[in-house]
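Undergrad: Structure supplied as coords_11.tsv; contents: TSV, C-alpha atoms.
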```tsv
chain	number	residue	atom	x	y	z
A	1	MET	CA	1.06	8.13	-43.75
A	2	SER	CA	-2.40	6.51	-43.29
A	3	GLY	CA	-4.98	8.23	-41.10
A	4	ARG	CA	-4.94	5.35	-38.58
A	5	ARG	CA	-1.13	5.41	-38.26
A	6	ALA	CA	-1.12	9.19	-37.86
A	7	ALA	CA	-3.71	8.93	-35.11
A	8	ARG	CA	-1.61	6.35	-33.23
A	9	THR	CA	1.47	8.54	-33.52
A	10	THR	CA	-0.43	11.57	-32.23
A	11	ALA	CA	-1.83	9.58	-29.28
A	12	LEU	CA	1.60	8.24	-28.29
A	13	ALA	CA	3.07	11.72	-28.37
A	14	ALA	CA	0.29	12.95	-26.12
A	15	VAL	CA	0.96	10.21	-23.54
A	16	VAL	CA	4.68	10.96	-23.39
A	17	ALA	CA	4.06	14.69	-23.12
A	18	ALA	CA	1.65	14.14	-20.25
A	19	THR	CA	4.23	12.17	-18.25
A	20	VAL	CA	7.55	13.87	-18.94
A	21	VAL	CA	8.39	17.55	-19.30
A	22	SER	CA	9.88	17.90	-22.76
A	23	MET	CA	13.36	19.24	-23.33
A	24	PRO	CA	13.44	22.60	-25.08
A	25	ALA	CA	14.20	22.94	-28.76
A	26	ALA	CA	17.82	22.68	-29.86
A	27	HIS	CA	18.14	26.25	-31.10
A	28	ALA	CA	20.22	28.67	-29.05
A	29	GLN	CA	18.58	30.11	-25.94
A	30	PRO	CA	19.46	33.06	-23.77
A	31	ALA	CA	21.39	31.98	-20.68
A	32	ASP	CA	18.54	32.82	-18.31
A	33	ASP	CA	16.05	30.80	-20.38
A	34	ALA	CA	18.39	27.80	-20.40
A	35	LEU	CA	18.77	27.94	-16.64
A	36	LYS	CA	15.01	28.25	-16.14
A	37	SER	CA	14.47	25.28	-18.42
A	38	TYR	CA	16.94	23.25	-16.35
A	39	THR	CA	15.19	24.28	-13.14
A	40	ASP	CA	11.80	23.22	-14.51
A	41	LEU	CA	13.18	19.87	-15.65
A	42	THR	CA	14.81	19.12	-12.30
A	43	ARG	CA	11.69	20.14	-10.37
A	44	GLU	CA	9.60	17.69	-12.37
A	45	ALA	CA	12.30	15.00	-12.01
A	46	GLU	CA	12.23	15.50	-8.24
A	47	LYS	CA	8.43	15.12	-8.20
A	48	LEU	CA	8.57	11.91	-10.23
A	49	THR	CA	11.33	10.61	-7.95
A	50	GLN	CA	9.09	11.22	-4.93
A	51	ASP	CA	6.21	9.51	-6.78
A	52	HIS	CA	8.40	6.47	-7.41
A	53	LEU	CA	9.61	6.32	-3.81
A	54	LYS	CA	6.01	6.61	-2.58
A	55	ALA	CA	4.94	3.73	-4.82
A	56	GLN	CA	7.82	1.63	-3.47
A	57	SER	CA	6.70	2.42	0.09
A	58	ASP	CA	3.10	1.47	-0.74
A	59	LEU	CA	4.30	-1.81	-2.25
A	60	ALA	CA	6.40	-2.67	0.81
A	61	ARG	CA	3.43	-1.92	3.09
A	62	ALA	CA	1.12	-4.12	1.00
A	63	ASN	CA	3.63	-6.97	1.02
A	64	ALA	CA	3.91	-6.67	4.81
A	65	ILE	CA	0.11	-6.99	5.08
A	66	VAL	CA	0.23	-10.11	2.90
A	67	GLY	CA	2.89	-11.62	5.17
A	68	ALA	CA	1.01	-10.76	8.36
A	69	ALA	CA	-2.29	-12.12	7.03
A	70	THR	CA	-0.63	-15.34	5.87
A	71	GLU	CA	0.95	-15.85	9.30
A	72	ALA	CA	-2.40	-15.14	10.98
A	73	GLU	CA	-4.02	-17.82	8.84
A	74	LYS	CA	-1.33	-20.36	9.73
A	75	LYS	CA	-1.69	-19.60	13.44
A	76	ALA	CA	-5.50	-19.82	13.35
A	77	LEU	CA	-5.40	-23.15	11.50
A	78	ALA	CA	-2.85	-24.56	13.95
A	79	GLU	CA	-5.01	-23.52	16.92
A	80	SER	CA	-8.14	-24.96	15.31
A	81	GLU	CA	-6.33	-28.29	14.93
A	82	GLN	CA	-5.46	-28.21	18.63
A	83	TYR	CA	-9.14	-27.89	19.56
A	84	ARG	CA	-10.16	-30.34	16.85
A	85	GLY	CA	-8.20	-33.03	18.70
A	86	GLN	CA	-10.06	-32.29	21.91
A	87	VAL	CA	-13.43	-32.38	20.11
A	88	ASP	CA	-12.53	-35.69	18.47
A	89	VAL	CA	-11.68	-37.30	21.82
A	90	LEU	CA	-15.00	-36.24	23.36
A	91	THR	CA	-16.97	-37.24	20.27
A	92	THR	CA	-15.31	-40.66	20.16
A	93	ALA	CA	-16.12	-41.21	23.82
A	94	SER	CA	-19.77	-40.46	23.11
A	95	PHE	CA	-19.89	-42.91	20.21
A	96	GLU	CA	-18.23	-45.57	22.33
A	97	GLY	CA	-20.98	-45.50	24.94
A	98	ALA	CA	-20.42	-42.49	27.14
A	99	ARG	CA	-23.89	-41.11	27.93
A	100	LEU	CA	-23.66	-37.46	28.87
A	101	ASN	CA	-27.19	-37.00	30.24
A	102	ASN	CA	-29.06	-36.93	33.54
A	103	LEU	CA	-30.77	-40.33	33.01
A	104	SER	CA	-27.44	-42.07	32.43
A	105	ALA	CA	-26.04	-40.55	35.62
A	106	PHE	CA	-29.09	-41.64	37.59
A	107	LEU	CA	-29.13	-45.25	36.30
A	108	THR	CA	-25.43	-45.84	36.88
A	109	SER	CA	-25.11	-44.14	40.27
A	110	THR	CA	-24.64	-46.20	43.43
A	111	SER	CA	-25.66	-43.45	45.84
A	112	GLN	CA	-26.99	-39.93	46.01
A	113	GLN	CA	-23.46	-38.58	46.41
A	114	ASP	CA	-22.27	-40.68	43.49
A	115	PHE	CA	-25.12	-39.28	41.38
A	116	LEU	CA	-24.16	-35.71	42.22
A	117	GLU	CA	-20.50	-36.35	41.41
A	118	ARG	CA	-21.40	-38.01	38.09
A	119	MET	CA	-23.66	-35.10	37.19
A	120	GLN	CA	-20.91	-32.59	37.97
A	121	ALA	CA	-18.38	-34.53	35.90
A	122	MET	CA	-20.76	-34.82	32.94
A	123	ASN	CA	-21.53	-31.12	33.05
A	124	ILE	CA	-17.83	-30.33	33.02
A	125	ILE	CA	-17.20	-32.67	30.08
A	126	ALA	CA	-20.16	-31.23	28.14
A	127	SER	CA	-18.98	-27.71	28.87
A	128	ASP	CA	-15.46	-28.59	27.72
A	129	GLN	CA	-16.83	-30.09	24.52
A	130	ASN	CA	-18.95	-27.02	23.77
A	131	ALA	CA	-16.01	-24.70	24.49
A	132	ALA	CA	-13.68	-26.75	22.27
A	133	VAL	CA	-16.19	-26.75	19.40
A	134	SER	CA	-16.73	-23.01	19.82
A	135	ARG	CA	-13.00	-22.25	19.84
A	136	MET	CA	-12.31	-24.48	16.87
A	137	SER	CA	-15.09	-22.77	14.93
A	138	ALA	CA	-13.81	-19.29	15.89
A	139	ASN	CA	-10.31	-20.18	14.77
A	140	LEU	CA	-11.52	-21.55	11.46
A	141	ASP	CA	-13.48	-18.31	10.91
A	142	ALA	CA	-10.34	-16.32	11.76
A	143	ALA	CA	-8.32	-18.39	9.31
A	144	GLN	CA	-10.86	-17.75	6.56
A	145	LYS	CA	-10.82	-14.00	7.24
A	146	ALA	CA	-7.01	-13.98	7.22
A	147	ARG	CA	-7.02	-15.83	3.90
A	148	THR	CA	-9.42	-13.25	2.44
A	149	ASP	CA	-7.28	-10.38	3.80
A	150	ALA	CA	-4.15	-11.94	2.32
A	151	SER	CA	-5.83	-12.31	-1.05
A	152	LYS	CA	-6.93	-8.67	-1.09
A	153	ALA	CA	-3.50	-7.48	0.05
A	154	ALA	CA	-1.81	-9.58	-2.64
A	155	ALA	CA	-4.01	-7.96	-5.30
A	156	ALA	CA	-3.13	-4.51	-3.93
A	157	ALA	CA	0.57	-5.42	-3.90
A	158	GLU	CA	0.37	-6.48	-7.54
A	159	LYS	CA	-1.21	-3.14	-8.43
A	160	PHE	CA	1.47	-1.24	-6.49
A	161	ALA	CA	4.20	-3.27	-8.21
A	162	THR	CA	2.83	-2.17	-11.57
A	163	ASP	CA	2.68	1.42	-10.29
A	164	VAL	CA	6.32	1.22	-9.21
A	165	SER	CA	7.39	0.10	-12.68
A	166	THR	CA	5.33	2.76	-14.43
A	167	ARG	CA	6.60	5.58	-12.24
A	168	LYS	CA	10.19	4.40	-12.54
A	169	VAL	CA	10.04	4.66	-16.33
A	170	ALA	CA	8.68	8.22	-16.07
A	171	MET	CA	11.27	9.11	-13.43
A	172	ASP	CA	14.20	7.73	-15.43
A	173	GLN	CA	13.12	9.63	-18.54
A	174	GLN	CA	12.78	12.89	-16.64
A	175	VAL	CA	16.07	12.49	-14.77
A	176	THR	CA	17.83	11.79	-18.08
A	177	ALA	CA	16.28	14.91	-19.60
A	178	ALA	CA	17.38	17.03	-16.63
A	179	ARG	CA	20.93	15.68	-16.68
A	180	SER	CA	21.19	16.24	-20.42
A	181	LYS	CA	20.03	19.80	-19.98
A	182	TYR	CA	22.63	20.34	-17.26
A	183	GLN	CA	25.36	19.32	-19.69
A	184	SER	CA	24.11	21.96	-22.13
A	185	LEU	CA	24.49	24.77	-19.60
A	186	SER	CA	27.49	27.03	-19.89
A	187	VAL	CA	30.51	26.45	-17.66
A	188	PRO	CA	29.81	29.64	-15.66
A	189	GLN	CA	26.22	28.48	-15.09
A	190	GLN	CA	27.36	25.06	-13.90
A	191	LYS	CA	29.91	26.65	-11.56
A	192	ALA	CA	27.28	29.01	-10.16
A	193	LEU	CA	24.97	26.06	-9.45
A	194	ALA	CA	27.77	24.04	-7.84
A	195	ALA	CA	28.94	26.88	-5.59
A	196	PRO	CA	28.57	25.68	-2.00
A	197	GLY	CA	27.89	29.12	-0.58
A	198	PRO	CA	28.94	30.16	2.92
A	199	THR	CA	28.83	27.39	5.52
A	200	VAL	CA	26.30	28.26	8.19
A	201	ASN	CA	27.03	27.38	11.79
A	202	VAL	CA	24.46	28.31	14.40
A	203	GLN	CA	23.77	27.54	18.03
A	204	VAL	CA	21.15	24.81	17.70
A	205	PRO	CA	18.47	24.44	20.38
A	206	ALA	CA	18.40	21.53	22.80
A	207	GLY	CA	16.30	18.47	22.04
A	208	ALA	CA	15.55	16.35	18.98
A	209	ALA	CA	14.83	19.30	16.65
A	210	GLY	CA	18.23	20.82	17.44
A	211	ALA	CA	20.00	17.47	16.99
A	212	ALA	CA	18.28	16.99	13.62
A	213	LEU	CA	19.28	20.48	12.50
A	214	SER	CA	22.86	19.88	13.63
A	215	PHE	CA	23.04	16.80	11.41
A	216	ALA	CA	21.50	18.59	8.41
A	217	LEU	CA	23.97	21.47	8.71
A	218	SER	CA	26.86	18.99	8.90
A	219	GLN	CA	25.90	17.77	5.41
A	220	GLN	CA	26.45	21.16	3.75
A	221	GLY	CA	28.46	20.80	0.56
A	222	LYS	CA	27.45	17.20	-0.17
A	223	PRO	CA	25.89	16.60	-3.60
A	224	TYR	CA	22.24	16.08	-4.46
A	225	VAL	CA	21.40	12.92	-6.43
A	226	PHE	CA	17.83	12.03	-7.44
A	227	GLY	CA	16.60	9.25	-5.16
A	228	SER	CA	19.80	9.04	-3.11
A	229	ASN	CA	19.65	7.87	0.51
A	230	GLY	CA	23.07	9.09	1.69
A	231	PRO	CA	25.44	9.16	3.32
A	232	ASN	CA	27.62	10.66	0.58
A	233	SER	CA	24.77	12.27	-1.37
A	234	TRP	CA	21.12	13.08	-0.71
A	235	ASP	CA	17.82	14.05	-2.16
A	236	CYS	CA	15.63	16.50	-0.28
A	237	SER	CA	13.54	14.08	1.79
A	238	SER	CA	16.30	11.57	2.49
A	239	LEU	CA	18.31	14.40	4.09
A	240	THR	CA	15.48	15.40	6.41
A	241	GLN	CA	14.71	11.77	7.23
A	242	ALA	CA	18.36	11.02	8.06
A	243	SER	CA	18.59	14.20	10.11
A	244	TYR	CA	15.74	13.18	12.38
A	245	ARG	CA	16.97	9.60	12.47
A	246	ALA	CA	20.26	10.94	13.85
A	247	ALA	CA	18.16	12.63	16.56
A	248	GLY	CA	16.42	9.35	17.41
A	249	VAL	CA	13.15	10.24	15.67
A	250	THR	CA	11.66	8.15	12.85
A	251	ILE	CA	9.91	10.04	10.04
A	252	PRO	CA	8.70	8.85	6.61
A	253	ARG	CA	10.93	8.77	3.53
A	254	VAL	CA	8.93	10.85	1.05
A	255	THR	CA	7.83	14.48	1.10
A	256	TYR	CA	4.15	13.61	0.72
A	257	ASP	CA	4.23	11.70	4.00
A	258	GLN	CA	6.55	14.15	5.75
A	259	ALA	CA	3.90	16.80	5.00
A	260	LYS	CA	1.52	14.96	7.38
A	261	ILE	CA	3.67	14.32	10.45
A	262	GLY	CA	3.84	16.34	13.67
A	263	ARG	CA	1.69	19.42	13.71
A	264	ALA	CA	1.22	22.35	11.38
A	265	VAL	CA	2.70	25.75	12.25
A	266	SER	CA	2.33	29.09	10.53
A	267	ARG	CA	5.07	30.92	8.62
A	268	GLY	CA	5.46	33.33	11.52
A	269	GLU	CA	5.95	30.47	14.00
A	270	VAL	CA	8.78	28.73	12.11
A	271	ALA	CA	11.58	27.52	14.39
A	272	ALA	CA	14.75	25.45	14.08
A	273	GLY	CA	14.08	21.89	12.92
A	274	ASP	CA	10.67	22.55	11.36
A	275	LEU	CA	10.07	20.89	7.98
A	276	ILE	CA	9.00	23.26	5.22
A	277	ILE	CA	7.19	21.52	2.35
A	278	TYR	CA	7.15	23.36	-0.97
A	279	TYR	CA	4.96	23.53	-4.10
A	280	SER	CA	1.30	22.58	-4.49
A	281	GLY	CA	2.32	18.99	-5.17
A	282	GLN	CA	4.42	18.90	-1.95
A	283	SER	CA	7.44	17.55	-3.84
A	284	HIS	CA	10.27	19.36	-2.02
A	285	VAL	CA	11.25	19.75	1.64
A	286	ALA	CA	13.75	21.87	3.57
A	287	MET	CA	14.59	22.18	7.27
A	288	ALA	CA	14.37	25.51	9.04
A	289	VAL	CA	17.60	26.82	10.57
A	290	ASN	CA	15.68	29.72	12.10
A	291	ASN	CA	12.73	31.90	11.07
A	292	THR	CA	14.42	33.19	7.92
A	293	THR	CA	16.84	30.49	6.71
A	294	ALA	CA	16.54	26.81	5.78
A	295	VAL	CA	19.00	24.08	4.85
A	296	HIS	CA	18.08	21.68	2.05
A	297	ALA	CA	19.23	19.36	-0.69
A	298	SER	CA	18.08	21.44	-3.64
A	299	THR	CA	18.60	19.52	-6.90
A	300	GLU	CA	21.31	17.81	-8.93
A	301	GLY	CA	24.18	20.11	-9.72
A	302	VAL	CA	23.59	22.02	-6.49
A	303	PRO	CA	25.14	20.94	-3.16
A	304	VAL	CA	23.34	20.82	0.18
A	305	LYS	CA	23.30	24.39	1.45
A	306	THR	CA	21.23	27.07	3.13
A	307	ALA	CA	18.89	29.55	1.50
A	308	SER	CA	16.22	32.03	2.44
A	309	ILE	CA	13.08	30.11	3.36
A	310	ASP	CA	10.91	32.17	1.05
A	311	SER	CA	13.33	31.99	-1.91
A	312	ILE	CA	13.19	28.20	-2.25
A	313	GLY	CA	9.67	28.11	-3.64
A	314	PRO	CA	5.99	28.54	-2.75
A	315	ILE	CA	5.34	27.03	0.68
A	316	SER	CA	2.64	24.37	0.90
A	317	VAL	CA	2.79	23.47	4.60
A	318	ILE	CA	5.14	23.72	7.57
A	319	ARG	CA	5.31	20.84	10.06
A	320	ARG	CA	6.80	20.73	13.54
A	321	VAL	CA	8.02	17.16	14.05
A	322	VAL	CA	8.60	17.35	17.80
A	323	GLY	CA	7.51	19.80	20.46
```
Written as structure tokens, how would this file's structure read?

TA:
Amino acid sequence: MSGRRAARTTALAAVVAATVVSMPAAHAQPADDALKSYTDLTREAEKLTQDHLKAQSDLARANAIVGAATEAEKKALAESEQYRGQVDVLTTASFEGARLNNLSAFLTSTSQQDFLERMQAMNIIASDQNAAVSRMSANLDAAQKARTDASKAAAAAEKFATDVSTRKVAMDQQVTAARSKYQSLSVPQQKALAAPGPTVNVQVPAGAAGAALSFALSQQGKPYVFGSNGPNSWDCSSLTQASYRAAGVTIPRVTYDQAKIGRAVSRGEVAAGDLIIYYSGQSHVAMAVNNTTAVHASTEGVPVKTASIDSIGPISVIRRVVG
């Protein structure tokens, strides 16, 4: 193999390794190691899924800005044409002999009163002309700004579209790796992961937080699927979003944005309905049932169920959505 070809091969391998967590070697592993490997793969797959969803959200927002800016330009141009007509009428009148000045009013007046009335009329016409020109100019400036905004937004949307495609490739590769690893687990391991655990029923508090928690608890036992939006399966952030939607509260789709809503509370202040965001990259979310337990969509192979808040992972931030 030539030195140049070997260098290309090495570089490609480095890029893939930087994007996707590699599957472990094919030789036999202890059961605990295999399960840890699966957990690591699914955690990275969940992060890349959130990255992809975030990129999709950014793209949709950029496209909305393009649409709004384009409509603003159309409106401004239409309004400028309206004033252009008024300006044209007044300009034509001037060219056809209308003399909008004090001398013209004086020479054509038949009396002092007539002079005053002509002066008042001319002042009104001149004022109207100036206002029409000013408004037409302002609308043309607004149209130009809207066109510039639309152009910038379109460029951003193109970048986000590329980002969506790139992140989807990484996500699909990682999800495939995680699913393949799941198939390599032993039957007892798969059964342990799929065990629904005891169904938790609690007296939820009044208000939106309680209604959201009630919905989340009603989903216990449903499967986790990477990127799923329900209603038959969920990922972690789609479950929390749907829960608050059921309570009449709109929250963002992805964990990164859910980590910014409401207000922060400390671990000791955790109450029913709070969102608990995990890991330094803020890639997983659960909903507090009380100060010790949370309900969440964990990962593929594991149904929606409750767990100890502190057992799910390292906590990044806790957000109180309402109240």

Undergrad: Residues near segment 185-202 of chain A, anyone? I mean within 10 Å using all atoms listed in the file, not counting same-chain ones fewer than 2 positions away, as a ChimeraX atom specification.

TA: /A:31-32,34-35,38,180-183,204-205,213-214,217-218,220-223,289-290,293,295,299-307

Undergrad: May I ask for the distance between atom CA of Ser37 of chain A and atom CA of Ile315 of chain A, given in Å to one decimal place?

TA: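 Distance reported for this atom pair: 21.2 Å.
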
Undergrad: Using only C-alpha atoms, what table do you get, as JSON lines, when you list each residue of segment 29-53 of chain A with an atom no more than 12 Å from segment 273-280 of chain A, its nearest pair of atoms, and their distance in Å rounded to one decimal, rows by chain then rising number?

TA:
```
{"residue": "A:Arg43", "atom": "CA", "partner": "A:Tyr279", "partner_atom": "CA", "distance": 9.8}
{"residue": "A:Glu44", "atom": "CA", "partner": "A:Tyr279", "partner_atom": "CA", "distance": 11.1}
{"residue": "A:Glu46", "atom": "CA", "partner": "A:Tyr279", "partner_atom": "CA", "distance": 11.6}
{"residue": "A:Lys47", "atom": "CA", "partner": "A:Tyr279", "partner_atom": "CA", "distance": 10.0}
```

Undergrad: Taking only C-alpha atoms into account, name the residue in A:Gln282, A:Ser233, A:Asp149, A:Ala155 that is nearest to Ala68 of chain A.

TA: A:Asp149

Undergrad: Just the number, please: distance in Å from atom CA of Val322 of chain A to atom CA of Ile261 of chain A, one decimal.

TA: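 A separation of 9.4 Å between them.
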
Undergrad: Could you check the closest approach to Thr42 of chain A for each of A:Ala178, A:Ala170, A:Ala264, A:Ala259 and tell me which residue wins, using only C-alpha atoms?

TA: A:Ala178

Undergrad: In terms of the shortest atom-to-atom distance over only C-alpha atoms, which of A:Ala272, A:Gly67, A:Ala161, A:Val249 is closest to Gln203 of chain A?

TA: A:Ala272

Undergrad: Please determine, counting all atoms listed in the file, which residue among A:Ala247, A:Glu71, A:Val66, A:Tyr256 has the shortest atom-to-atom distance to Gly207 of chain A.

TA: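 Answer, going by the shortest atom-to-atom distance: A:Ala247.
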
Undergrad: Would you compute the distance between atom CA of Gly210 of chain A and atom CA of Arg267 of chain A? Give it in Å to one decimal.

TA: 18.8 Å
